[in-house]
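Okay, query39.pdb now, which holds PDB, C-alpha atoms:
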ATOM      1  CA  MET H   1      -0.120 -33.922  17.960  1.00  0.00           C
ATOM      2  CA  LEU H   2       3.137 -34.441  16.177  1.00  0.00           C
ATOM      3  CA  GLU H   3       5.853 -32.174  17.560  1.00  0.00           C
ATOM      4  CA  ASN H   4       7.610 -31.988  14.220  1.00  0.00           C
ATOM      5  CA  GLN H   5       4.477 -31.165  12.287  1.00  0.00           C
ATOM      6  CA  GLU H   6       5.096 -28.076  10.202  1.00  0.00           C
ATOM      7  CA  GLN H   7       2.989 -25.067  11.016  1.00  0.00           C
ATOM      8  CA  GLU H   8       0.723 -23.967   8.195  1.00  0.00           C
ATOM      9  CA  GLU H   9       1.831 -20.674   6.691  1.00  0.00           C
ATOM     10  CA  LEU H  10      -0.865 -18.026   6.796  1.00  0.00           C
ATOM     11  CA  THR H  11      -0.858 -14.420   5.635  1.00  0.00           C
ATOM     12  CA  THR H  12      -3.556 -11.893   6.476  1.00  0.00           C
ATOM     13  CA  VAL H  13      -3.615  -8.621   4.589  1.00  0.00           C
ATOM     14  CA  ARG H  14      -6.184  -5.893   5.106  1.00  0.00           C
ATOM     15  CA  VAL H  15      -6.737  -2.594   3.312  1.00  0.00           C
ATOM     16  CA  GLN H  16      -8.451  -0.223   5.741  1.00  0.00           C
ATOM     17  CA  ASP H  17      -8.969   3.310   6.933  1.00  0.00           C
ATOM     18  CA  PRO H  18      -8.997   5.513   3.797  1.00  0.00           C
ATOM     19  CA  ARG H  19      -7.770   8.974   4.734  1.00  0.00           C
ATOM     20  CA  LEU H  20      -7.691  12.298   2.945  1.00  0.00           C
ATOM     21  CA  GLN H  21      -4.171  13.738   2.820  1.00  0.00           C
ATOM     22  CA  ASN H  22      -3.243  17.376   2.096  1.00  0.00           C
ATOM     23  CA  GLU H  23      -6.850  18.367   2.686  1.00  0.00           C
ATOM     24  CA  GLY H  24      -7.741  21.694   1.128  1.00  0.00           C
ATOM     25  CA  SER H  25      -4.817  21.761  -1.301  1.00  0.00           C
ATOM     26  CA  TRP H  26      -4.747  21.179  -5.034  1.00  0.00           C
ATOM     27  CA  ASN H  27      -2.807  17.927  -4.611  1.00  0.00           C
ATOM     28  CA  SER H  28      -5.028  16.274  -2.011  1.00  0.00           C
ATOM     29  CA  TYR H  29      -5.465  12.521  -2.328  1.00  0.00           C
ATOM     30  CA  VAL H  30      -6.756   9.476  -0.474  1.00  0.00           C
ATOM     31  CA  ASP H  31      -4.471   6.791   0.896  1.00  0.00           C
ATOM     32  CA  TYR H  32      -5.185   3.487   2.614  1.00  0.00           C
ATOM     33  CA  LYS H  33      -3.746   1.586   5.545  1.00  0.00           C
ATOM     34  CA  ILE H  34      -2.309  -1.815   4.624  1.00  0.00           C
ATOM     35  CA  PHE H  35      -2.089  -4.100   7.628  1.00  0.00           C
ATOM     36  CA  LEU H  36      -0.213  -7.380   7.209  1.00  0.00           C
ATOM     37  CA  HIS H  37       0.221 -10.231   9.671  1.00  0.00           C
ATOM     38  CA  THR H  38       1.924 -13.469   8.692  1.00  0.00           C
ATOM     39  CA  ASN H  39       3.938 -16.436   9.864  1.00  0.00           C
ATOM     40  CA  SER H  40       5.306 -17.034   6.378  1.00  0.00           C
ATOM     41  CA  LYS H  41       9.066 -17.313   5.989  1.00  0.00           C
ATOM     42  CA  ALA H  42       8.737 -15.295   2.788  1.00  0.00           C
ATOM     43  CA  PHE H  43       8.271 -12.074   4.791  1.00  0.00           C
ATOM     44  CA  THR H  44      10.997 -10.309   6.735  1.00  0.00           C
ATOM     45  CA  ALA H  45       8.630  -8.704   9.251  1.00  0.00           C
ATOM     46  CA  LYS H  46       5.731 -10.752  10.574  1.00  0.00           C
ATOM     47  CA  THR H  47       3.548  -7.726  11.292  1.00  0.00           C
ATOM     48  CA  SER H  48       3.563  -4.452   9.420  1.00  0.00           C
ATOM     49  CA  CYS H  49       1.416  -1.467   8.645  1.00  0.00           C
ATOM     50  CA  VAL H  50       1.937   1.112   5.902  1.00  0.00           C
ATOM     51  CA  ARG H  51      -0.156   3.648   4.032  1.00  0.00           C
ATOM     52  CA  ARG H  52      -0.334   3.667   0.220  1.00  0.00           C
ATOM     53  CA  ARG H  53      -2.355   5.581  -2.349  1.00  0.00           C
ATOM     54  CA  TYR H  54      -4.029   4.193  -5.449  1.00  0.00           C
ATOM     55  CA  ARG H  55      -1.327   5.487  -7.781  1.00  0.00           C
ATOM     56  CA  GLU H  56       1.242   3.397  -5.924  1.00  0.00           C
ATOM     57  CA  PHE H  57      -0.916   0.301  -6.367  1.00  0.00           C
ATOM     58  CA  VAL H  58      -0.980   1.004 -10.121  1.00  0.00           C
ATOM     59  CA  TRP H  59       2.818   1.173 -10.145  1.00  0.00           C
ATOM     60  CA  LEU H  60       3.102  -2.055  -8.143  1.00  0.00           C
ATOM     61  CA  ARG H  61       0.888  -3.995 -10.523  1.00  0.00           C
ATOM     62  CA  LYS H  62       2.898  -2.818 -13.540  1.00  0.00           C
ATOM     63  CA  GLN H  63       6.131  -3.909 -11.885  1.00  0.00           C
ATOM     64  CA  LEU H  64       4.740  -7.282 -10.850  1.00  0.00           C
ATOM     65  CA  GLN H  65       3.492  -7.939 -14.367  1.00  0.00           C
ATOM     66  CA  LYS H  66       6.831  -6.920 -15.848  1.00  0.00           C
ATOM     67  CA  ASN H  67       8.686  -9.434 -13.691  1.00  0.00           C
ATOM     68  CA  ALA H  68       6.095 -12.218 -13.610  1.00  0.00           C
ATOM     69  CA  GLY H  69       6.364 -13.141 -17.284  1.00  0.00           C
ATOM     70  CA  LEU H  70       3.379 -15.255 -18.284  1.00  0.00           C
ATOM     71  CA  VAL H  71       1.988 -15.422 -14.761  1.00  0.00           C
ATOM     72  CA  PRO H  72      -1.206 -13.320 -14.668  1.00  0.00           C
ATOM     73  CA  VAL H  73      -1.357 -10.525 -12.126  1.00  0.00           C
ATOM     74  CA  PRO H  74      -4.700  -9.797 -10.420  1.00  0.00           C
ATOM     75  CA  GLU H  75      -6.626  -6.756 -11.594  1.00  0.00           C
ATOM     76  CA  LEU H  76      -6.998  -3.513  -9.678  1.00  0.00           C
ATOM     77  CA  PRO H  77     -10.304  -1.736  -9.216  1.00  0.00           C
ATOM     78  CA  GLY H  78     -10.642   0.466 -12.259  1.00  0.00           C
ATOM     79  CA  LYS H  79     -10.979   4.195 -12.674  1.00  0.00           C
ATOM     80  CA  SER H  80     -14.590   5.104 -13.281  1.00  0.00           C
ATOM     81  CA  THR H  81     -15.192   8.428 -15.003  1.00  0.00           C
ATOM     82  CA  PHE H  82     -18.895   8.246 -14.299  1.00  0.00           C
ATOM     83  CA  PHE H  83     -19.669   6.708 -10.944  1.00  0.00           C
ATOM     84  CA  ALA H  84     -23.287   6.678  -9.838  1.00  0.00           C
ATOM     85  CA  GLY H  85     -22.967   7.136  -6.107  1.00  0.00           C
ATOM     86  CA  SER H  86     -21.427   9.167  -3.336  1.00  0.00           C
ATOM     87  CA  THR H  87     -17.753   9.793  -2.726  1.00  0.00           C
ATOM     88  CA  ASP H  88     -17.842   7.500   0.309  1.00  0.00           C
ATOM     89  CA  GLU H  89     -19.294   4.681  -1.793  1.00  0.00           C
ATOM     90  CA  PHE H  90     -16.582   5.126  -4.404  1.00  0.00           C
ATOM     91  CA  ILE H  91     -13.838   5.030  -1.781  1.00  0.00           C
ATOM     92  CA  GLU H  92     -15.312   1.940  -0.126  1.00  0.00           C
ATOM     93  CA  LYS H  93     -15.592   0.050  -3.419  1.00  0.00           C
ATOM     94  CA  ARG H  94     -12.006   0.944  -4.226  1.00  0.00           C
ATOM     95  CA  ARG H  95     -10.852  -0.170  -0.774  1.00  0.00           C
ATOM     96  CA  GLN H  96     -12.527  -3.530  -1.247  1.00  0.00           C
ATOM     97  CA  GLY H  97     -10.962  -3.906  -4.687  1.00  0.00           C
ATOM     98  CA  LEU H  98      -7.484  -3.082  -3.413  1.00  0.00           C
ATOM     99  CA  GLN H  99      -7.808  -5.608  -0.615  1.00  0.00           C
ATOM    100  CA  GLN H 100      -8.926  -8.327  -3.034  1.00  0.00           C
ATOM    101  CA  PHE H 101      -5.944  -7.464  -5.235  1.00  0.00           C
ATOM    102  CA  LEU H 102      -3.434  -7.865  -2.395  1.00  0.00           C
ATOM    103  CA  GLU H 103      -5.083 -11.006  -1.054  1.00  0.00           C
ATOM    104  CA  LYS H 104      -4.600 -12.678  -4.429  1.00  0.00           C
ATOM    105  CA  VAL H 105      -1.072 -11.343  -4.887  1.00  0.00           C
ATOM    106  CA  VAL H 106       0.271 -12.645  -1.558  1.00  0.00           C
ATOM    107  CA  GLN H 107      -1.096 -16.121  -2.324  1.00  0.00           C
ATOM    108  CA  ASN H 108       0.848 -16.321  -5.590  1.00  0.00           C
ATOM    109  CA  VAL H 109       4.310 -17.845  -5.117  1.00  0.00           C
ATOM    110  CA  VAL H 110       5.772 -16.146  -8.191  1.00  0.00           C
ATOM    111  CA  LEU H 111       4.499 -12.687  -7.271  1.00  0.00           C
ATOM    112  CA  LEU H 112       5.533 -13.178  -3.653  1.00  0.00           C
ATOM    113  CA  SER H 113       9.146 -13.612  -4.764  1.00  0.00           C
ATOM    114  CA  ASP H 114       9.270 -10.037  -6.085  1.00  0.00           C
ATOM    115  CA  SER H 115      11.199  -7.812  -3.665  1.00  0.00           C
ATOM    116  CA  GLN H 116       9.296  -4.746  -4.839  1.00  0.00           C
ATOM    117  CA  LEU H 117       6.128  -6.238  -3.364  1.00  0.00           C
ATOM    118  CA  HIS H 118       7.819  -6.626   0.026  1.00  0.00           C
ATOM    119  CA  LEU H 119       9.091  -3.052   0.020  1.00  0.00           C
ATOM    120  CA  PHE H 120       5.616  -1.864  -0.968  1.00  0.00           C
ATOM    121  CA  LEU H 121       3.973  -3.765   1.895  1.00  0.00           C
ATOM    122  CA  GLN H 122       6.579  -3.493   4.639  1.00  0.00           C
ATOM    123  CA  SER H 123       8.561  -0.290   4.230  1.00  0.00           C
ATOM    124  CA  GLN H 124       7.813   3.404   4.027  1.00  0.00           C
ATOM    125  CA  LEU H 125       9.943   3.876   0.922  1.00  0.00           C
ATOM    126  CA  SER H 126       8.281   5.869  -1.825  1.00  0.00           C
ATOM    127  CA  VAL H 127       8.084   4.458  -5.351  1.00  0.00           C
ATOM    128  CA  PRO H 128      11.233   6.289  -6.558  1.00  0.00           C
ATOM    129  CA  GLU H 129      13.075   5.066  -3.453  1.00  0.00           C
ATOM    130  CA  ILE H 130      11.922   1.490  -4.043  1.00  0.00           C
ATOM    131  CA  GLU H 131      13.219   1.672  -7.604  1.00  0.00           C
ATOM    132  CA  ALA H 132      16.528   3.099  -6.406  1.00  0.00           C
ATOM    133  CA  CYS H 133      16.825   0.292  -3.869  1.00  0.00           C
ATOM    134  CA  MET H 134      16.147  -2.336  -6.531  1.00  0.00           C
ATOM    135  CA  GLN H 135      18.763  -0.779  -8.819  1.00  0.00           C
ATOM    136  CA  GLY H 136      21.438  -0.738  -6.118  1.00  0.00           C
ATOM    137  CA  GLN H 137      21.379   3.057  -5.945  1.00  0.00           C
ATOM    138  CA  SER H 138      20.372   3.147  -2.283  1.00  0.00           C
ATOM    139  CA  PRO H 139      22.518   2.493   0.793  1.00  0.00           C
ATOM    140  CA  LEU H 140      19.703   0.251   2.039  1.00  0.00           C
ATOM    141  CA  THR H 141      19.099  -3.321   0.959  1.00  0.00           C
ATOM    142  CA  VAL H 142      15.545  -4.672   0.797  1.00  0.00           C
ATOM    143  CA  THR H 143      15.956  -6.370   4.175  1.00  0.00           C
ATOM    144  CA  ASP H 144      17.559  -3.265   5.705  1.00  0.00           C
ATOM    145  CA  ALA H 145      14.662  -1.058   4.622  1.00  0.00           C
ATOM    146  CA  ILE H 146      12.049  -3.424   6.036  1.00  0.00           C
ATOM    147  CA  LEU H 147      13.843  -4.031   9.323  1.00  0.00           C
ATOM    148  CA  ARG H 148      14.613  -0.347   9.851  1.00  0.00           C
ATOM    149  CA  TYR H 149      10.954   0.504   9.389  1.00  0.00           C
ATOM    150  CA  ALA H 150       9.866  -2.302  11.711  1.00  0.00           C
ATOM    151  CA  MET H 151      12.356  -1.208  14.402  1.00  0.00           C
ATOM    152  CA  SER H 152      11.110   2.377  14.188  1.00  0.00           C
ATOM    153  CA  ASN H 153       7.802   1.129  15.642  1.00  0.00           C
ATOM    154  CA  CYS H 154       5.975   2.719  12.718  1.00  0.00           C
ATOM    155  CA  GLY H 155       5.191  -0.608  11.164  1.00  0.00           C
ATOM    156  CA  TRP H 156       4.183  -2.515  14.299  1.00  0.00           C
ATOM    157  CA  VAL H 157       0.588  -1.702  15.158  1.00  0.00           C
ATOM    158  CA  GLN H 158      -2.494  -3.753  15.742  1.00  0.00           C
ATOM    159  CA  GLU H 159      -5.200  -4.145  13.150  1.00  0.00           C
ATOM    160  CA  GLU H 160      -8.265  -2.016  13.658  1.00  0.00           C
ATOM    161  CA  ASP H 161     -11.708  -3.270  12.726  1.00  0.00           C
ATOM    162  CA  THR H 162     -13.323   0.124  12.827  1.00  0.00           C
ATOM    163  CA  ARG H 163     -15.265   1.376   9.853  1.00  0.00           C
ATOM    164  CA  PRO H 164     -13.030   3.316   7.447  1.00  0.00           C
ATOM    165  CA  ALA H 165     -13.242   7.027   8.092  1.00  0.00           C
ATOM    166  CA  LEU H 166     -12.402   9.563   5.403  1.00  0.00           C
ATOM    167  CA  GLY H 167     -11.129  12.953   6.361  1.00  0.00           C
ATOM    168  CA  ALA H 168      -8.859  12.192   9.302  1.00  0.00           C
ATOM    169  CA  ARG H 169      -5.244  13.156   8.898  1.00  0.00           C
ATOM    170  CA  ALA H 170      -2.227  10.868   9.104  1.00  0.00           C
ATOM    171  CA  GLU H 171       0.989  12.597  10.093  1.00  0.00           C
ATOM    172  CA  LEU H 172       3.429  10.163   8.502  1.00  0.00           C
ATOM    173  CA  HIS H 173       3.362   8.925   4.933  1.00  0.00           C
ATOM    174  CA  GLY H 174       3.959   5.215   4.817  1.00  0.00           C
ATOM    175  CA  SER H 175       3.128   4.694   8.474  1.00  0.00           C
ATOM    176  CA  CYS H 176       0.081   4.217  10.640  1.00  0.00           C
ATOM    177  CA  ALA H 177       0.740   7.021  13.048  1.00  0.00           C
ATOM    178  CA  GLY H 178      -2.439   8.119  14.721  1.00  0.00           C
ATOM    179  CA  LEU H 179      -3.964   4.648  14.399  1.00  0.00           C
ATOM    180  CA  GLY H 180      -3.006   3.368  17.800  1.00  0.00           C
ATOM    181  CA  SER H 181       0.781   3.584  17.565  1.00  0.00           C
ATOM    182  CA  PRO H 182       2.858   6.243  19.337  1.00  0.00           C
ATOM    183  CA  PRO H 183       4.056   9.190  17.233  1.00  0.00           C
ATOM    184  CA  VAL H 184       7.372   8.246  15.672  1.00  0.00           C
ATOM    185  CA  ARG H 185       9.636  10.322  13.497  1.00  0.00           C
ATOM    186  CA  SER H 186      10.097   8.916  10.027  1.00  0.00           C
ATOM    187  CA  CYS H 187      13.190   6.730   9.949  1.00  0.00           C
ATOM    188  CA  LEU H 188      13.761   7.180   6.232  1.00  0.00           C
ATOM    189  CA  LYS H 189      13.708  10.289   4.110  1.00  0.00           C
ATOM    190  CA  PRO H 190      10.215  11.479   3.065  1.00  0.00           C
ATOM    191  CA  PRO H 191       8.797  10.389  -0.291  1.00  0.00           C
ATOM    192  CA  SER H 192       9.446  12.369  -3.430  1.00  0.00           C
ATOM    193  CA  CYS H 193       6.735  14.663  -4.705  1.00  0.00           C
ATOM    194  CA  TRP H 194       4.395  12.790  -7.017  1.00  0.00           C
ATOM    195  CA  SER H 195       4.267  15.718  -9.407  1.00  0.00           C
ATOM    196  CA  ASP H 196       7.842  14.775 -10.287  1.00  0.00           C
ATOM    197  CA  PHE H 197       7.051  11.133 -10.879  1.00  0.00           C
ATOM    198  CA  GLY H 198       4.719  10.276 -13.763  1.00  0.00           C
ATOM    199  CA  LEU H 199       2.808   7.026 -14.018  1.00  0.00           C
ATOM    200  CA  GLU H 200       1.436   7.362 -17.535  1.00  0.00           C
ATOM    201  CA  ASP H 201      -1.892   8.542 -16.155  1.00  0.00           C
ATOM    202  CA  ASN H 202      -1.797  12.280 -16.610  1.00  0.00           C
ATOM    203  CA  HIS H 203      -5.575  12.470 -16.717  1.00  0.00           C
ATOM    204  CA  SER H 204      -7.242  13.319 -13.424  1.00  0.00           C
ATOM    205  CA  ASP H 205      -8.401  10.434 -11.292  1.00  0.00           C
ATOM    206  CA  SER H 206     -11.119  12.372  -9.531  1.00  0.00           C
ATOM    207  CA  LEU H 207     -13.854  11.081  -7.285  1.00  0.00           C
ATOM    208  CA  ASP H 208     -16.207  11.206 -10.240  1.00  0.00           C
ATOM    209  CA  SER H 209     -18.173  14.238  -9.320  1.00  0.00           C
ATOM    210  CA  PRO H 210     -18.972  17.287 -11.491  1.00  0.00           C
ATOM    211  CA  THR H 211     -17.305  19.473  -8.846  1.00  0.00           C
ATOM    212  CA  LYS H 212     -13.595  19.479  -8.072  1.00  0.00           C
ATOM    213  CA  GLN H 213     -12.746  16.621  -5.686  1.00  0.00           C
ATOM    214  CA  PRO H 214      -9.522  15.345  -4.104  1.00  0.00           C
ATOM    215  CA  GLU H 215      -7.467  12.917  -6.161  1.00  0.00           C
ATOM    216  CA  THR H 216      -7.821   9.256  -5.282  1.00  0.00           C
ATOM    217  CA  GLU H 217      -4.683   8.107  -7.029  1.00  0.00           C
TER     218      GLU H 217
END

Render the structure in this file as structure tokens.
Amino acid sequence: MLENQEQEELTTVRVQDPRLQNEGSWNSYVDYKIFLHTNSKAFTAKTSCVRRRYREFVWLRKQLQKNAGLVPVPELPGKSTFFAGSTDEFIEKRRQGLQQFLEKVVQNVVLLSDSQLHLFLQSQLSVPEIEACMQGQSPLTVTDAILRYAMSNCGWVQEEDTRPALGARAELHGSCAGLGSPPVRSCLKPPSCWSDFGLEDNHSDSLDSPTKQPETE
């Protein structure tokens, strides 16, 4: 073996553990754990874990496309108004689609150069906070936000291969508390209320059932 042989850069990203947040309230929604492990020099933290909801994925794709120019951005799983199946099946299909989206994104050199992607994957900043950071309106730089989250222990947990379970509660937005990591107080201010942040999708993204269901955005 050659001692100077460069190590191959590998990035593993998993979308797991869909959970119902704000259960029983009018603004309930499902979010997903994003586990990332890498040896790539492109990433500030080599292991991270955050939780994101579908609406945040929609925002991320729009931002990536805006900055990528002619480079195509992978598609997200769509919103189906009429889904023939159970809620669990819908959530699982969406989880698979979100994972395929991220797997393709992190393999694209152009998309990987977008700092918004790194904040999405490796910090607990909300979308408005990410935008403020990118516009220089935050005291934190991109690297600061990622490292602060990593040092809080929120973002350093092991991947779980358990079957996704819907209905369990996560105590911290943007973290994986309750998934094997010790309870840690959020190191950054909590995310802004989504009702104050439109994403050009005012129609309800329900779980495609005739009865009222939690949002999956």

Counting all atoms listed in the file, the residue among H:Gln65, H:Thr87, H:Ser113, H:Thr44 that lies closest to Val30 in chain H is H:Thr87

Task: Exercise: Ala45 in chain H partners within 12 Å, all atoms listed in the file, chain neighbours under 2 positions left out, as a VMD selection string - done: chain H and resid 11 35 to 43 47 to 49 118 to 119 121 to 123 142 to 151 153 155 to 156

File of the preceding selection, C-alpha atoms, as a short mmCIF file (atom, residue, chain, number, x, y, z; two decimals), in the coordinates of the input:
data_model
loop_
_atom_site.label_atom_id
_atom_site.label_comp_id
_atom_site.auth_asym_id
_atom_site.auth_seq_id
_atom_site.Cartn_x
_atom_site.Cartn_y
_atom_site.Cartn_z
CA THR H 11 -0.86 -14.42 5.64
CA PHE H 35 -2.09 -4.10 7.63
CA LEU H 36 -0.21 -7.38 7.21
CA HIS H 37 0.22 -10.23 9.67
CA THR H 38 1.92 -13.47 8.69
CA ASN H 39 3.94 -16.44 9.86
CA SER H 40 5.31 -17.03 6.38
CA LYS H 41 9.07 -17.31 5.99
CA ALA H 42 8.74 -15.30 2.79
CA PHE H 43 8.27 -12.07 4.79
CA THR H 47 3.55 -7.73 11.29
CA SER H 48 3.56 -4.45 9.42
CA CYS H 49 1.42 -1.47 8.64
CA HIS H 118 7.82 -6.63 0.03
CA LEU H 119 9.09 -3.05 0.02
CA LEU H 121 3.97 -3.76 1.90
CA GLN H 122 6.58 -3.49 4.64
CA SER H 123 8.56 -0.29 4.23
CA VAL H 142 15.54 -4.67 0.80
CA THR H 143 15.96 -6.37 4.18
CA ASP H 144 17.56 -3.26 5.70
CA ALA H 145 14.66 -1.06 4.62
CA ILE H 146 12.05 -3.42 6.04
CA LEU H 147 13.84 -4.03 9.32
CA ARG H 148 14.61 -0.35 9.85
CA TYR H 149 10.95 0.50 9.39
CA ALA H 150 9.87 -2.30 11.71
CA MET H 151 12.36 -1.21 14.40
CA ASN H 153 7.80 1.13 15.64
CA GLY H 155 5.19 -0.61 11.16
CA TRP H 156 4.18 -2.52 14.30
#

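Across the model, the gap from CA of Arg51 in chain H to CA of Asn22 in chain H is 14.2 Å.
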
Specify as a ChimeraX atom specification each residue included when the PyMOL selection byres ((chain H and resi 72) around 12) is applied to this file. /H:61-62,64-71,73-75,104-105,108-111

Using C-alpha atoms, can you write the selected residues to a file as a short mmCIF file (atom, residue, chain, number, x, y, z; two decimals), in the frame of the given file?
data_model
loop_
_atom_site.label_atom_id
_atom_site.label_comp_id
_atom_site.auth_asym_id
_atom_site.auth_seq_id
_atom_site.Cartn_x
_atom_site.Cartn_y
_atom_site.Cartn_z
CA ARG H 61 0.89 -4.00 -10.52
CA LYS H 62 2.90 -2.82 -13.54
CA LEU H 64 4.74 -7.28 -10.85
CA GLN H 65 3.49 -7.94 -14.37
CA LYS H 66 6.83 -6.92 -15.85
CA ASN H 67 8.69 -9.43 -13.69
CA ALA H 68 6.10 -12.22 -13.61
CA GLY H 69 6.36 -13.14 -17.28
CA LEU H 70 3.38 -15.26 -18.28
CA VAL H 71 1.99 -15.42 -14.76
CA VAL H 73 -1.36 -10.52 -12.13
CA PRO H 74 -4.70 -9.80 -10.42
CA GLU H 75 -6.63 -6.76 -11.59
CA LYS H 104 -4.60 -12.68 -4.43
CA VAL H 105 -1.07 -11.34 -4.89
CA ASN H 108 0.85 -16.32 -5.59
CA VAL H 109 4.31 -17.84 -5.12
CA VAL H 110 5.77 -16.15 -8.19
CA LEU H 111 4.50 -12.69 -7.27
#

Step by step, work through what the PyMOL selection byres ((chain H and resi 103) around 10) selects in the shown file, and finish by giving those residues as a PyMOL selection string. chain H and resi 11-15+74+97-102+104-108

File dump, residues just selected, C-alpha atoms, as a PDB file, in the coordinates of the input:
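As a result, again17.pdb now contains:
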ATOM      1  CA  THR H  11      -0.858 -14.420   5.635  1.00  0.00           C
ATOM      2  CA  THR H  12      -3.556 -11.893   6.476  1.00  0.00           C
ATOM      3  CA  VAL H  13      -3.615  -8.621   4.589  1.00  0.00           C
ATOM      4  CA  ARG H  14      -6.184  -5.893   5.106  1.00  0.00           C
ATOM      5  CA  VAL H  15      -6.737  -2.594   3.312  1.00  0.00           C
ATOM      6  CA  PRO H  74      -4.700  -9.797 -10.420  1.00  0.00           C
ATOM      7  CA  GLY H  97     -10.962  -3.906  -4.687  1.00  0.00           C
ATOM      8  CA  LEU H  98      -7.484  -3.082  -3.413  1.00  0.00           C
ATOM      9  CA  GLN H  99      -7.808  -5.608  -0.615  1.00  0.00           C
ATOM     10  CA  GLN H 100      -8.926  -8.327  -3.034  1.00  0.00           C
ATOM     11  CA  PHE H 101      -5.944  -7.464  -5.235  1.00  0.00           C
ATOM     12  CA  LEU H 102      -3.434  -7.865  -2.395  1.00  0.00           C
ATOM     13  CA  LYS H 104      -4.600 -12.678  -4.429  1.00  0.00           C
ATOM     14  CA  VAL H 105      -1.072 -11.343  -4.887  1.00  0.00           C
ATOM     15  CA  VAL H 106       0.271 -12.645  -1.558  1.00  0.00           C
ATOM     16  CA  GLN H 107      -1.096 -16.121  -2.324  1.00  0.00           C
ATOM     17  CA  ASN H 108       0.848 -16.321  -5.590  1.00  0.00           C
TER      18      ASN H 108
END

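Among the candidates H:Lys93, H:Leu60, H:Ser25, H:Tyr32, the one nearest to Pro128 in chain H when counting all atoms listed in the file is H:Leu60.
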
For CA of Glu131 in chain H and CA of Glu56 in chain H, quote the distance in Å rounded to one decimal.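 So the two atoms, CA of Glu131 in chain H and CA of Glu56 in chain H, lie 12.2 Å apart.
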
| request: I need the residue set behind the PyMOL selection byres ((chain H and resi 52) around 10) for this file; please write it as a ChimeraX atom specification. | output: /H:15,18,30-34,50-51,53-57,120-121,124,126,173-175,217

Between CA of Pro77 in chain H and CA of Arg94 in chain H lies a distance of 5.9 Å

Just range 6-29 of chain H, please, as a compact mmCIF listing (two decimals), in the first residue's frame (only C-alpha atoms).
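Below is the file that was written, selection_33.txt:
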# COMPACT_ATOMS: atom_id res chain seq x y z
CA GLU H 6 -5.09 9.71 -1.20
CA GLN H 7 -8.06 8.41 0.71
CA GLU H 8 -11.23 8.20 -1.35
CA GLU H 9 -13.79 10.77 -0.27
CA LEU H 10 -17.10 9.22 0.74
CA THR H 11 -20.30 10.80 2.00
CA THR H 12 -23.20 8.87 3.49
CA VAL H 13 -26.49 10.65 3.98
CA ARG H 14 -29.62 9.03 5.38
CA VAL H 15 -33.14 10.36 5.84
CA GLN H 16 -34.75 8.44 8.69
CA ASP H 17 -37.16 8.43 11.58
CA PRO H 18 -40.17 10.53 10.49
CA ARG H 19 -41.76 12.07 13.56
CA LEU H 20 -44.98 13.93 14.19
CA GLN H 21 -44.35 17.32 15.81
CA ASN H 22 -46.93 19.46 17.64
CA GLU H 23 -49.24 16.46 17.81
CA GLY H 24 -52.85 17.41 18.38
CA SER H 25 -52.47 21.02 17.27
CA TRP H 26 -53.59 22.72 14.08
CA ASN H 27 -49.99 23.21 12.94
CA SER H 28 -48.75 19.65 13.41
CA TYR H 29 -46.28 18.38 10.83
